[in-house]
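The file model19.txt contains compact mmCIF, C-alpha atoms and all ligand atoms:
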```txt
# COMPACT_ATOMS: atom_id res chain seq x y z
CA MET A 1 -9.43 15.17 -19.34
CA ILE A 2 -10.73 12.39 -17.12
CA LYS A 3 -9.64 12.69 -13.50
CA PRO A 4 -9.80 10.13 -10.69
CA LEU A 5 -13.08 10.17 -8.74
CA ARG A 6 -13.33 12.33 -5.63
CA GLY A 7 -11.72 10.65 -2.63
CA MET A 8 -9.81 8.19 -4.80
CA LYS A 9 -6.19 8.36 -5.80
CA ASP A 10 -3.50 6.68 -7.82
CA LEU A 11 -0.50 5.17 -6.13
CA THR A 12 2.73 5.64 -8.06
CA PHE A 13 6.49 5.75 -7.54
CA GLU A 14 7.44 6.51 -3.93
CA GLU A 15 3.92 5.96 -2.59
CA ALA A 16 3.51 2.68 -4.45
CA ALA A 17 6.89 1.57 -3.12
CA ARG A 18 5.78 2.46 0.41
CA PHE A 19 2.51 0.59 -0.05
CA ASN A 20 4.30 -2.57 -1.23
CA TYR A 21 6.89 -2.29 1.52
CA ILE A 22 4.16 -2.18 4.21
CA ILE A 23 2.27 -5.13 2.72
CA ASP A 24 5.45 -7.20 2.32
CA ILE A 25 6.48 -6.69 5.95
CA ALA A 26 2.99 -7.23 7.38
CA ALA A 27 2.43 -10.37 5.26
CA ALA A 28 5.84 -11.82 6.16
CA ILE A 29 5.10 -11.40 9.88
CA ALA A 30 1.54 -12.76 9.55
CA LYS A 31 2.95 -15.88 7.85
CA ARG A 32 5.27 -16.44 10.81
CA TYR A 33 2.17 -16.59 13.01
CA GLY A 34 0.57 -19.20 10.75
CA TYR A 35 -1.68 -16.97 8.63
CA GLY A 36 -2.34 -17.84 4.98
CA TYR A 37 -3.43 -15.39 2.28
CA ILE A 38 -7.12 -15.08 1.42
CA GLU A 39 -8.61 -12.99 -1.38
CA THR A 40 -12.32 -12.28 -1.32
CA PRO A 41 -14.43 -10.31 -3.84
CA ILE A 42 -14.71 -6.54 -3.52
CA LEU A 43 -18.37 -6.76 -4.50
CA GLU A 44 -20.73 -8.63 -2.15
CA GLU A 45 -24.46 -8.81 -1.49
CA THR A 46 -25.52 -5.75 0.47
CA ALA A 47 -27.22 -8.06 2.98
CA LEU A 48 -23.81 -9.30 4.14
CA PHE A 49 -22.79 -5.88 5.45
CA LYS A 50 -26.25 -5.01 6.76
CA ARG A 51 -26.16 -8.12 8.92
CA SER A 52 -22.51 -8.11 9.96
CA VAL A 53 -21.58 -4.46 10.26
CA GLY A 54 -25.07 -3.58 11.43
CA ASP A 55 -27.92 -1.53 9.95
CA SER A 56 -27.58 1.21 12.54
CA SER A 57 -23.86 1.84 11.98
CA ASP A 58 -22.79 4.95 10.06
CA ILE A 59 -20.95 2.71 7.64
CA VAL A 60 -24.10 0.90 6.53
CA SER A 61 -26.62 3.70 6.95
CA LYS A 62 -24.63 6.48 5.25
CA GLU A 63 -21.38 5.39 3.67
CA MET A 64 -21.86 2.33 1.48
CA TYR A 65 -21.18 2.19 -2.25
CA GLN A 66 -24.42 0.33 -2.79
CA PHE A 67 -26.19 -0.17 -6.11
CA GLU A 68 -28.36 -2.49 -8.14
CA ASP A 69 -26.37 -4.47 -10.70
CA LYS A 70 -27.67 -5.25 -14.21
CA GLY A 71 -29.29 -8.43 -12.91
CA GLY A 72 -31.25 -6.47 -10.30
CA ASN A 73 -29.15 -7.70 -7.34
CA ASP A 74 -28.61 -5.37 -4.40
CA VAL A 75 -24.80 -5.27 -4.20
CA CYS A 76 -22.19 -3.27 -2.36
CA MET A 77 -18.46 -2.58 -2.55
CA ARG A 78 -16.93 -3.82 0.69
CA PRO A 79 -16.60 -1.07 3.33
CA GLU A 80 -14.35 -3.27 5.51
CA GLY A 81 -12.64 -6.64 5.26
CA THR A 82 -13.87 -8.89 8.06
CA ALA A 83 -17.39 -9.58 6.77
CA GLY A 84 -16.16 -10.94 3.43
CA VAL A 85 -13.54 -13.19 5.05
CA VAL A 86 -16.16 -14.58 7.45
CA ARG A 87 -18.56 -15.12 4.53
CA ALA A 88 -15.79 -16.95 2.63
CA PHE A 89 -15.00 -19.05 5.72
CA ILE A 90 -18.65 -20.15 5.88
CA SER A 91 -19.03 -20.55 2.08
CA ALA A 92 -16.11 -23.01 2.10
CA LYS A 93 -17.78 -24.88 5.00
CA LEU A 94 -14.68 -24.37 7.13
CA ASP A 95 -16.96 -23.76 10.11
CA ARG A 96 -17.85 -27.48 9.91
CA GLN A 97 -14.24 -28.60 10.28
CA PRO A 98 -12.51 -28.90 13.63
CA VAL A 99 -9.34 -27.26 12.26
CA LYS A 100 -8.40 -23.74 13.33
CA GLN A 101 -8.03 -21.35 10.40
CA LYS A 102 -5.98 -18.16 10.12
CA PHE A 103 -6.19 -15.78 7.16
CA TYR A 104 -4.54 -12.52 6.21
CA TYR A 105 -5.79 -10.20 3.48
CA TYR A 106 -5.13 -6.78 2.07
CA GLY A 107 -6.83 -4.63 -0.49
CA PRO A 108 -9.12 -1.69 -1.18
CA MET A 109 -12.21 -0.82 0.90
CA PHE A 110 -14.84 1.73 -0.08
CA ARG A 111 -16.79 4.24 1.98
CA TYR A 112 -18.72 7.17 0.59
CA GLU A 113 -17.53 9.68 3.19
CA ARG A 114 -16.82 13.37 2.82
CA PRO A 115 -13.19 13.25 1.64
CA GLN A 116 -10.77 14.97 4.02
CA LYS A 117 -7.14 14.66 4.93
CA GLY A 118 -6.33 11.04 5.70
CA ARG A 119 -9.82 9.84 4.75
CA LEU A 120 -10.27 8.56 1.24
CA ARG A 121 -13.33 6.96 -0.32
CA GLU A 122 -11.15 4.17 -1.59
CA PHE A 123 -8.63 3.22 1.09
CA HIS A 124 -6.63 0.12 1.88
CA GLN A 125 -6.42 -2.24 4.79
CA PHE A 126 -4.22 -5.12 5.81
CA GLY A 127 -5.99 -7.51 8.17
CA CYS A 128 -5.90 -10.90 9.84
CA GLU A 129 -8.73 -13.13 11.03
CA SER A 130 -8.20 -16.14 13.29
CA PHE A 131 -11.09 -18.65 13.51
CA GLY A 132 -11.74 -21.40 16.04
CA GLU A 133 -9.58 -20.18 18.93
CA ALA A 134 -11.50 -19.05 22.00
CA SER A 135 -8.47 -18.64 24.26
CA VAL A 136 -7.44 -15.17 25.38
CA TYR A 137 -3.89 -16.27 24.51
CA GLU A 138 -4.91 -15.75 20.88
CA ASP A 139 -6.03 -12.16 21.62
CA PHE A 140 -2.66 -11.54 23.23
CA THR A 141 -0.80 -13.18 20.33
CA ILE A 142 -2.61 -11.05 17.77
CA ILE A 143 -1.75 -7.87 19.69
CA THR A 144 1.88 -9.04 19.82
CA MET A 145 1.85 -9.59 16.07
CA ILE A 146 0.57 -6.06 15.34
CA ALA A 147 3.17 -4.60 17.71
CA GLN A 148 5.82 -6.56 15.81
CA ILE A 149 4.56 -5.26 12.46
CA PHE A 150 4.68 -1.63 13.66
CA GLU A 151 8.13 -2.12 15.18
CA ALA A 152 9.40 -3.61 11.90
CA LEU A 153 7.99 -0.58 10.05
CA GLY A 154 9.56 1.85 12.53
CA ILE A 155 6.18 3.18 13.70
CA GLY A 156 5.64 4.23 17.32
CA PHE A 157 2.23 3.51 18.85
CA ASN A 158 0.07 3.60 21.95
CA LEU A 159 -2.15 0.61 22.64
CA LYS A 160 -5.64 0.96 24.08
CA ILE A 161 -7.59 -2.05 25.26
CA ASN A 162 -11.05 -2.70 26.64
CA SER A 163 -13.46 -5.56 27.19
CA LEU A 164 -16.87 -5.48 25.53
CA GLY A 165 -18.15 -8.36 27.64
CA CYS A 166 -20.29 -11.24 26.41
CA PRO A 167 -23.97 -12.10 25.97
CA GLU A 168 -24.11 -12.74 29.71
CA CYS A 169 -22.70 -9.44 31.04
CA MET A 170 -23.26 -7.01 28.14
CA PRO A 171 -27.11 -6.89 28.08
CA PRO A 172 -27.55 -6.03 31.80
CA TYR A 173 -24.79 -3.44 31.46
CA ARG A 174 -26.47 -1.99 28.37
CA ASN A 175 -29.71 -1.60 30.35
CA ASN A 176 -27.85 0.22 33.13
CA LEU A 177 -26.21 2.46 30.62
CA VAL A 178 -29.48 3.29 28.83
CA HIS A 179 -30.99 4.15 32.22
CA PHE A 180 -28.04 6.47 32.96
CA LEU A 181 -28.16 8.04 29.47
CA LYS A 182 -31.89 8.78 29.70
CA GLU A 183 -31.23 10.82 32.87
CA ILE A 184 -28.77 13.10 31.02
CA LYS A 185 -30.57 12.91 27.64
CA GLU A 186 -31.30 16.65 27.42
CA GLU A 187 -27.61 17.55 27.63
CA LEU A 188 -26.32 14.96 25.17
CA CYS A 189 -25.78 15.79 21.48
CA GLU A 190 -28.21 14.87 18.71
CA ASP A 191 -26.16 11.84 17.57
CA CYS A 192 -26.06 10.47 21.10
CA ASN A 193 -29.81 10.93 21.49
CA ARG A 194 -30.37 8.91 18.33
CA ARG A 195 -27.94 6.23 19.52
CA ILE A 196 -29.66 5.74 22.90
CA GLY A 197 -32.38 3.97 20.94
CA THR A 198 -30.28 2.29 18.23
CA ASN A 199 -26.80 1.52 19.57
CA PRO A 200 -26.35 2.96 23.12
CA ILE A 201 -22.82 1.54 23.53
CA ARG A 202 -21.67 3.84 20.70
CA VAL A 203 -22.61 6.86 22.83
CA LEU A 204 -19.45 6.09 24.83
CA ASP A 205 -17.15 7.04 21.97
CA CYS A 206 -18.97 10.25 21.01
CA LYS A 207 -16.37 12.85 20.02
CA ASN A 208 -18.39 15.75 21.45
CA GLU A 209 -16.60 17.25 24.50
CA THR A 210 -19.78 18.02 26.43
CA CYS A 211 -20.92 14.44 25.96
CA GLN A 212 -17.54 13.11 27.06
CA SER A 213 -17.55 15.15 30.26
CA LEU A 214 -21.09 13.95 31.05
CA LEU A 215 -20.02 10.36 30.40
CA LYS A 216 -17.23 10.48 32.98
CA HIS A 217 -19.68 9.22 35.58
CA SER A 218 -21.37 6.62 33.41
CA PRO A 219 -21.39 3.00 34.59
CA LYS A 220 -18.36 1.12 33.20
CA LEU A 221 -18.63 -2.36 31.73
CA ILE A 222 -15.15 -3.15 32.97
CA ASP A 223 -16.53 -2.97 36.56
CA ASN A 224 -19.50 -5.18 35.66
CA LEU A 225 -17.96 -8.04 33.69
CA CYS A 226 -19.06 -11.62 34.38
CA ASP A 227 -16.47 -13.95 35.93
CA THR A 228 -15.31 -15.42 32.61
CA CYS A 229 -14.86 -12.04 30.92
CA ASP A 230 -13.20 -10.59 34.00
CA THR A 231 -10.73 -13.49 34.26
CA ASP A 232 -9.88 -13.24 30.56
CA PHE A 233 -9.36 -9.49 30.71
CA ARG A 234 -7.06 -9.78 33.73
CA LYS A 235 -5.16 -12.54 31.95
CA LEU A 236 -4.71 -10.33 28.89
CA THR A 237 -3.37 -7.41 30.91
CA SER A 238 -0.94 -9.64 32.82
CA LEU A 239 0.32 -11.20 29.56
CA LEU A 240 0.88 -7.71 28.12
CA ASP A 241 2.68 -6.67 31.32
CA ASP A 242 4.97 -9.71 31.10
CA ALA A 243 5.70 -9.02 27.43
CA ASN A 244 6.52 -5.36 28.21
CA ILE A 245 3.85 -4.10 25.83
CA ALA A 246 2.54 -0.84 27.27
CA TYR A 247 -1.22 -0.31 27.15
CA GLU A 248 -3.94 1.88 28.52
CA VAL A 249 -7.37 0.57 29.51
CA ASP A 250 -9.88 2.78 27.71
CA THR A 251 -13.45 2.12 28.80
CA ASN A 252 -14.73 4.33 26.00
CA LEU A 253 -13.11 2.12 23.38
CA VAL A 254 -16.13 0.51 21.76
CA ARG A 255 -16.36 -0.68 18.19
CA GLY A 256 -18.58 0.82 15.55
CA LEU A 257 -19.26 -2.71 14.42
CA ASP A 258 -21.88 -4.71 16.30
CA TYR A 259 -20.32 -8.16 16.35
CA TYR A 260 -17.32 -7.55 18.61
CA ASN A 261 -17.25 -9.04 22.11
CA LYS A 262 -14.69 -9.40 24.90
CA THR A 263 -11.26 -8.01 23.88
CA ALA A 264 -11.31 -4.80 21.86
CA PHE A 265 -8.12 -2.92 21.05
CA GLU A 266 -6.86 0.03 19.10
CA PHE A 267 -3.36 1.14 18.16
CA VAL A 268 -3.07 4.90 17.95
CA SER A 269 -0.31 7.17 16.73
CA ASN A 270 0.50 10.58 18.13
CA GLU A 271 2.49 11.45 15.05
CA ILE A 272 -0.53 12.04 12.80
CA GLY A 273 -2.90 14.52 14.43
CA ALA A 274 -4.49 13.84 17.78
CA GLN A 275 -4.39 10.16 18.69
CA SER A 276 -5.32 8.77 15.30
CA ALA A 277 -6.19 5.08 15.10
CA ILE A 278 -3.78 3.18 12.88
CA ALA A 279 -5.11 -0.31 13.65
CA GLY A 280 -8.09 -1.76 15.43
CA GLY A 281 -9.59 -5.10 16.18
CA GLY A 282 -10.72 -7.59 18.74
CA ARG A 283 -12.82 -10.63 19.31
CA TYR A 284 -16.03 -11.33 17.39
CA ASP A 285 -17.21 -14.72 18.63
CA LYS A 286 -20.81 -14.20 17.40
CA LEU A 287 -20.28 -13.16 13.80
CA VAL A 288 -19.93 -16.59 12.16
CA GLU A 289 -23.21 -17.60 13.80
CA TYR A 290 -24.95 -14.33 12.78
CA LEU A 291 -24.05 -15.16 9.20
CA ASP A 292 -25.56 -18.66 9.47
CA GLY A 293 -22.33 -20.57 10.14
CA LYS A 294 -21.72 -22.90 13.04
CA PRO A 295 -20.78 -20.98 16.20
CA THR A 296 -17.03 -20.29 15.87
CA PRO A 297 -14.97 -18.03 18.12
CA ALA A 298 -12.86 -15.54 16.17
CA VAL A 299 -10.50 -12.64 16.66
CA GLY A 300 -8.93 -10.27 14.16
CA PHE A 301 -7.72 -6.80 13.28
CA ALA A 302 -7.16 -4.39 10.42
CA ILE A 303 -4.42 -1.83 9.83
CA GLY A 304 -5.26 1.30 7.83
CA ILE A 305 -2.52 1.49 5.21
CA GLU A 306 -3.03 5.16 4.26
CA ARG A 307 -2.91 6.09 7.95
CA ILE A 308 0.60 4.70 8.34
CA MET A 309 2.00 5.45 4.89
CA GLU A 310 3.79 8.64 6.00
CA LEU A 311 5.02 7.12 9.26
CA VAL A 312 6.97 4.28 7.72
CA ASN A 313 10.74 4.32 7.89
CA MET A 314 11.72 3.11 4.45
CA PRO A 315 15.16 1.53 4.08
CA GLU A 316 17.53 3.55 1.90
CA ASN A 317 17.33 2.81 -1.78
CA THR A 318 20.44 0.79 -2.57
CA LYS A 319 21.97 0.77 -6.02
CA GLU A 320 20.86 -2.33 -7.84
CA GLY A 321 21.33 -4.09 -11.18
CA TYR A 322 22.50 -2.67 -14.48
CA TYR A 323 21.97 0.28 -16.76
CA MET A 324 22.91 -0.69 -20.32
CA GLY A 325 23.29 1.47 -23.39
CA ALA A 326 24.94 1.77 -26.83
CA MET A 327 27.08 4.65 -28.00
CA VAL A 328 26.78 3.71 -31.69
CA PRO A 329 23.53 2.61 -33.40
CA GLU A 330 25.08 -0.69 -34.58
CA ALA A 331 25.57 -1.76 -30.94
CA VAL A 332 21.95 -1.34 -29.83
CA GLU A 333 20.83 -4.89 -30.60
CA LYS A 334 23.95 -6.32 -28.92
CA VAL A 335 23.00 -4.35 -25.79
CA ILE A 336 19.42 -5.66 -25.92
CA ALA A 337 20.67 -9.26 -26.21
CA ILE A 338 23.01 -8.85 -23.22
CA ALA A 339 20.20 -7.18 -21.21
CA ASN A 340 17.80 -10.05 -21.83
CA ALA A 341 20.40 -12.62 -20.78
CA LYS A 342 21.25 -10.65 -17.60
CA ARG A 343 17.56 -10.23 -16.70
CA LYS A 344 17.41 -13.91 -15.75
CA SER A 345 18.77 -12.85 -12.38
CA ASN A 346 19.29 -9.07 -12.40
CA LYS A 347 17.32 -5.86 -12.64
CA VAL A 348 18.29 -4.21 -15.94
CA THR A 349 17.40 -0.81 -17.37
CA VAL A 350 18.06 -0.52 -21.12
CA GLU A 351 18.32 2.66 -23.16
CA TYR A 352 17.37 1.85 -26.77
CA ALA A 353 18.66 5.11 -28.26
CA SER A 354 22.38 5.27 -28.94
CA LYS A 355 23.83 8.28 -27.12
CA GLY A 356 27.00 9.94 -26.00
CA PHE A 357 28.81 8.94 -22.79
CA LYS A 358 27.65 11.88 -20.61
CA SER A 359 24.04 11.42 -21.61
CA HIS A 360 24.18 7.73 -20.69
CA MET A 361 25.78 8.50 -17.33
CA LYS A 362 22.80 10.73 -16.49
CA GLY A 363 20.59 7.72 -17.23
CA VAL A 364 22.73 5.58 -14.92
CA ASP A 365 22.16 8.02 -12.04
CA LYS A 366 18.44 8.19 -12.71
CA SER A 367 18.03 4.41 -12.82
CA ASN A 368 19.99 4.02 -9.57
CA ALA A 369 21.83 1.08 -11.14
CA ARG A 370 24.84 -0.49 -9.44
CA TYR A 371 26.63 -1.08 -12.76
CA ALA A 372 26.81 0.98 -15.94
CA LEU A 373 27.43 -1.15 -19.05
CA LEU A 374 28.15 0.60 -22.35
CA ILE A 375 29.14 -0.55 -25.81
CA GLY A 376 30.88 1.90 -28.15
CA GLU A 377 32.64 1.48 -31.47
CA ASP A 378 35.81 -0.13 -29.98
CA GLU A 379 33.91 -2.51 -27.72
CA LEU A 380 31.68 -3.60 -30.59
CA ALA A 381 34.74 -4.32 -32.76
CA ASN A 382 36.48 -6.27 -29.95
CA GLY A 383 33.49 -8.19 -28.60
CA THR A 384 33.82 -6.45 -25.23
CA VAL A 385 31.77 -4.15 -22.97
CA TRP A 386 32.76 -1.25 -20.74
CA ILE A 387 31.52 -1.58 -17.14
CA LYS A 388 31.63 0.82 -14.22
CA ASP A 389 30.78 -0.20 -10.66
CA MET A 390 28.89 2.88 -9.45
CA GLU A 391 29.72 2.14 -5.80
CA SER A 392 33.46 1.41 -5.95
CA LYS A 393 33.85 3.66 -9.04
CA GLU A 394 36.02 0.94 -10.56
CA GLU A 395 35.96 0.73 -14.37
CA MET A 396 36.83 -2.24 -16.55
CA THR A 397 36.54 -3.65 -20.04
CA VAL A 398 35.56 -7.30 -20.26
CA THR A 399 34.73 -9.69 -23.10
CA ILE A 400 31.03 -10.44 -23.57
CA ASP A 401 31.67 -14.11 -22.86
CA ASP A 402 33.06 -13.24 -19.41
CA LEU A 403 29.98 -11.28 -18.35
ZN ZN B 501 -19.13 -11.78 30.12
ZN ZN B 502 -22.64 13.00 21.81
```
Take the structure in the file and give it back as structure tokens.
Amino acid sequence: MIKPLRGMKDLTFEEAARFNYIIDIAAAIAKRYGYGYIETPILEETALFKRSVGDSSDIVSKEMYQFEDKGGNDVCMRPEGTAGVVRAFISAKLDRQPVKQKFYYYGPMFRYERPQKGRLREFHQFGCESFGEASVYEDFTIITMIAQIFEALGIGFNLKINSLGCPECMPPYRNNLVHFLKEIKEELCEDCNRRIGTNPIRVLDCKNETCQSLLKHSPKLIDNLCDTCDTDFRKLTSLLDDANIAYEVDTNLVRGLDYYNKTAFEFVSNEIGAQSAIAGGGRYDKLVEYLDGKPTPAVGFAIGIERIMELVNMPENTKEGYYMGAMVPEAVEKVIAIANAKRKSNKVTVEYASKGFKSHMKGVDKSNARYALLIGEDELANGTVWIKDMESKEEMTVTIDDL
């Protein structure tokens, strides 16, 4: 028997319903903010992710589903969504137009990680990317939108924010940090030691407790921002204050992806393990340029669908549509004809086998139909159907023409 691959799973019934419910709500809210749907290929040139996500990141160095296709091309299944959307934005030459563009997407992402609870090798994200807007108002608006999505889904969250600076204030800070890290090098973990040389900012979010206690006295970028970054960050916090969106400034909130600058944020949930991230994002003003487009400011986010699946408050399943069945074999085709006519505007479940009353009523319960519609010997002879409203419990016999 062939099973799904390790770290991959099928979505059916309740889970599939939850998945669709989340996407429907998130997409409806994104549309209200002016986002249009974009679909990009799952398979891209490996170079795209090496350049955008960064060679030194764990995602690129350890976790990519990378292979050579039959034409000898080095390709990769997308490990995240932003790079492909940015590539599509540039491919369509939208970077050469003065119009601001906003896209939302959802779909599967692939990372070859050790599968564990809540971490699949094929997982799903819903995300938005806004291009051409440099104003911090857009960062605030995006955070508001995510908060609205989580509220609509009935999910509680804590918001963490930070500023990652810009090409003016980040490099001198990075030098200061490297200097500090070299002093405490001996006591830092192996990963951190490797990162001092490759991606020192990532040392800040090391999960090792010893490292974290050593980092308490590290220089903070938030205290060393240039005037522009500082003004923007203060603006963002005052906008959040005015909108009554609670947040915590977390100076260790850095992104694993190299192209983020200025605003970085993360939504975490306390309901699934310790402070698990359920959404993350921020500004990435340099990425379009890195990928050979015209310099275009951008800001975006992604929500991890599997992370929030269990947290969603689904509305109660209401009884809907019809269950139709025949109690004599001669009535089956009559039932099918009525079902097809009713399907123009109703959900209809049809039982093809003719059965007794009790057996049909079990089918009605299972299908969660609002109305049971049955045709027996008498109804067939009289050109009528028997209907029961499963909510009011009212029963009636009506002619087929009156249906
Ligand atoms: Zn700056
Ligand atoms: Zn460490």
For atom CA of Glu80 of chain A and atom CA of Ile143 of chain A, determine how far apart the two atoms are, in Å to one decimal place.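 If I compute the distance from atom CA of Glu80 of chain A to atom CA of Ile143 of chain A, I get 19.5 Å.
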Which residues of chain A come within 9 Å of ligand ZN 502 (chain B), and for each one, what is the closest pair of atoms and their distance in Å to one decimal, counting only C-alpha atoms and all ligand atoms, sorted by chain and residue number, as a tab-separated table?
```
residue	atom	partner	partner_atom	distance
A:Glu187	CA	B:ZN502	ZN	8.9
A:Leu188	CA	B:ZN502	ZN	5.4
A:Cys189	CA	B:ZN502	ZN	4.2
A:Glu190	CA	B:ZN502	ZN	6.6
A:Asp191	CA	B:ZN502	ZN	5.6
A:Cys192	CA	B:ZN502	ZN	4.3
A:Asn193	CA	B:ZN502	ZN	7.5
A:Arg195	CA	B:ZN502	ZN	8.9
A:Val203	CA	B:ZN502	ZN	6.2
A:Leu204	CA	B:ZN502	ZN	8.2
A:Asp205	CA	B:ZN502	ZN	8.1
A:Cys206	CA	B:ZN502	ZN	4.7
A:Lys207	CA	B:ZN502	ZN	6.5
A:Asn208	CA	B:ZN502	ZN	5.1
A:Glu209	CA	B:ZN502	ZN	7.9
A:Thr210	CA	B:ZN502	ZN	7.4
A:Cys211	CA	B:ZN502	ZN	4.7
A:Gln212	CA	B:ZN502	ZN	7.3
```
One number please: atom CA of Gly282 of chain A to atom CA of Leu153 of chain A, in Å, one decimal.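 For atom CA of Gly282 of chain A relative to atom CA of Leu153 of chain A, the distance reads 21.8 Å.
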Env. residues ligand ZN 501 (chain B) / 10 Å / only C-alpha atoms and all ligand atoms / as a list in words: Ser163, Leu164, Gly165, Cys166, Pro167, Glu168, Cys169, Met170, Pro171, Leu221, Ile222, Asn224, Leu225, Cys226, Asp227, Thr228, Cys229, Asp230, Thr231, Asp232, Asn261 and Lys262 of chain A
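Taking atom CA of Met324 of chain A and atom CA of Val348 of chain A as endpoints, the distance between them is 7.3 Å.
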With all atoms listed in the file as the basis for distance, which of A:Val268, A:Ile38, A:Leu120, A:Met327 is at the shortest distance from Ile161 of chain A?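 Using all atoms listed in the file, Ile161 of chain A sits closest to A:Val268.
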Starting from the point (-16.3, -1.1, 20.5), work out which residues of protein, DNA or RNA have an atom no more than 9 Å away when counting all atoms listed in the file; state them as number ranges by chain. A: 162-164, 201-202, 204-205, 252-258, 260-261, 264-265, 281-282
Pick from A:Ser345, A:Asn244, A:Thr263, A:Thr251: nearest to Ala147 of chain A, with all atoms listed in the file counted?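 Looking only at the distances to Ala147 of chain A, the closest residue turns out to be A:Asn244.
For Ile387 of chain A, the residues within 7 Å (counting all atoms listed in the file, excluding itself and residues fewer than 5 positions away along the chain) are Tyr371, Ala372, Leu373, Leu374, Glu395, Met396 and Thr397 of chain A.
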Within 8 Å of segment 15-36 of chain A, which residues of segment 118-151 of chain A show up? Give each one with its shortest atom-to-atom distance in Å (one decimal) and the two atoms involved, counting all atoms listed in the file, rows by chain then rising residue number, as a tab-separated table.
```
residue	atom	partner	partner_atom	distance
A:Phe126	CA	A:Ile23	CA	7.2
A:Cys128	CA	A:Tyr35	CA	7.5
A:Met145	CA	A:Ile29	CA	7.2
A:Gln148	CA	A:Ile29	CA	7.7
A:Ile149	CA	A:Ala26	CA	5.7
```
Give the answer as one residue: which of A:Leu311, A:Ile245, A:Ala298, A:Met8 has the shortest atom-to-atom distance to Pro115 of chain A, using all atoms listed in the file?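 Checking each of A:Leu311, A:Ile245, A:Ala298, A:Met8 against Pro115 of chain A, counting all atoms listed in the file, the winner is A:Met8.
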Between A:Asp401, A:Glu133, A:Glu45, A:Asp285, which is the closest to Ile338 of chain A once you count all atoms listed in the file?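 Using all atoms listed in the file, the shortest distance to Ile338 of chain A belongs to A:Asp401.
Proximity to Pro315 of chain A was assessed for A:Ile196, A:Ala152, A:Arg51, A:Phe131 counting all atoms listed in the file; the smallest distance is recorded for A:Ala152.
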Within 7 Å of Leu159 of chain A, counting all atoms listed in the file, which residues show up once you throw out same-chain ones fewer than 6 positions away? Write them as a list of chain:residue names, please.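 So, after excluding close chain neighbours, the residues are A:Ala246, A:Tyr247, A:Glu248, A:Glu266, A:Phe267, A:Val268.
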Once you've located segment 41-57 of chain A in the structure I gave, write it as a short mmCIF file (atom, residue, chain, number, x, y, z; two decimals), in the first residue's frame, keeping C-alpha atoms.
```
data_model
loop_
_atom_site.label_atom_id
_atom_site.label_comp_id
_atom_site.auth_asym_id
_atom_site.auth_seq_id
_atom_site.Cartn_x
_atom_site.Cartn_y
_atom_site.Cartn_z
CA PRO A 41 4.60 28.26 -9.74
CA ILE A 42 5.60 25.88 -6.96
CA LEU A 43 8.76 25.01 -8.88
CA GLU A 44 11.31 27.80 -9.44
CA GLU A 45 14.99 28.08 -10.32
CA THR A 46 17.06 27.31 -7.24
CA ALA A 47 18.96 30.57 -7.81
CA LEU A 48 15.83 32.54 -6.89
CA PHE A 49 15.82 31.23 -3.32
CA LYS A 50 19.60 31.29 -2.95
CA ARG A 51 19.57 34.99 -3.75
CA SER A 52 16.40 36.04 -1.95
CA VAL A 53 16.23 33.83 1.11
CA GLY A 54 20.01 33.78 1.39
CA ASP A 55 22.66 31.06 1.01
CA SER A 56 23.51 31.09 4.70
CA SER A 57 19.95 30.56 5.95
#
```
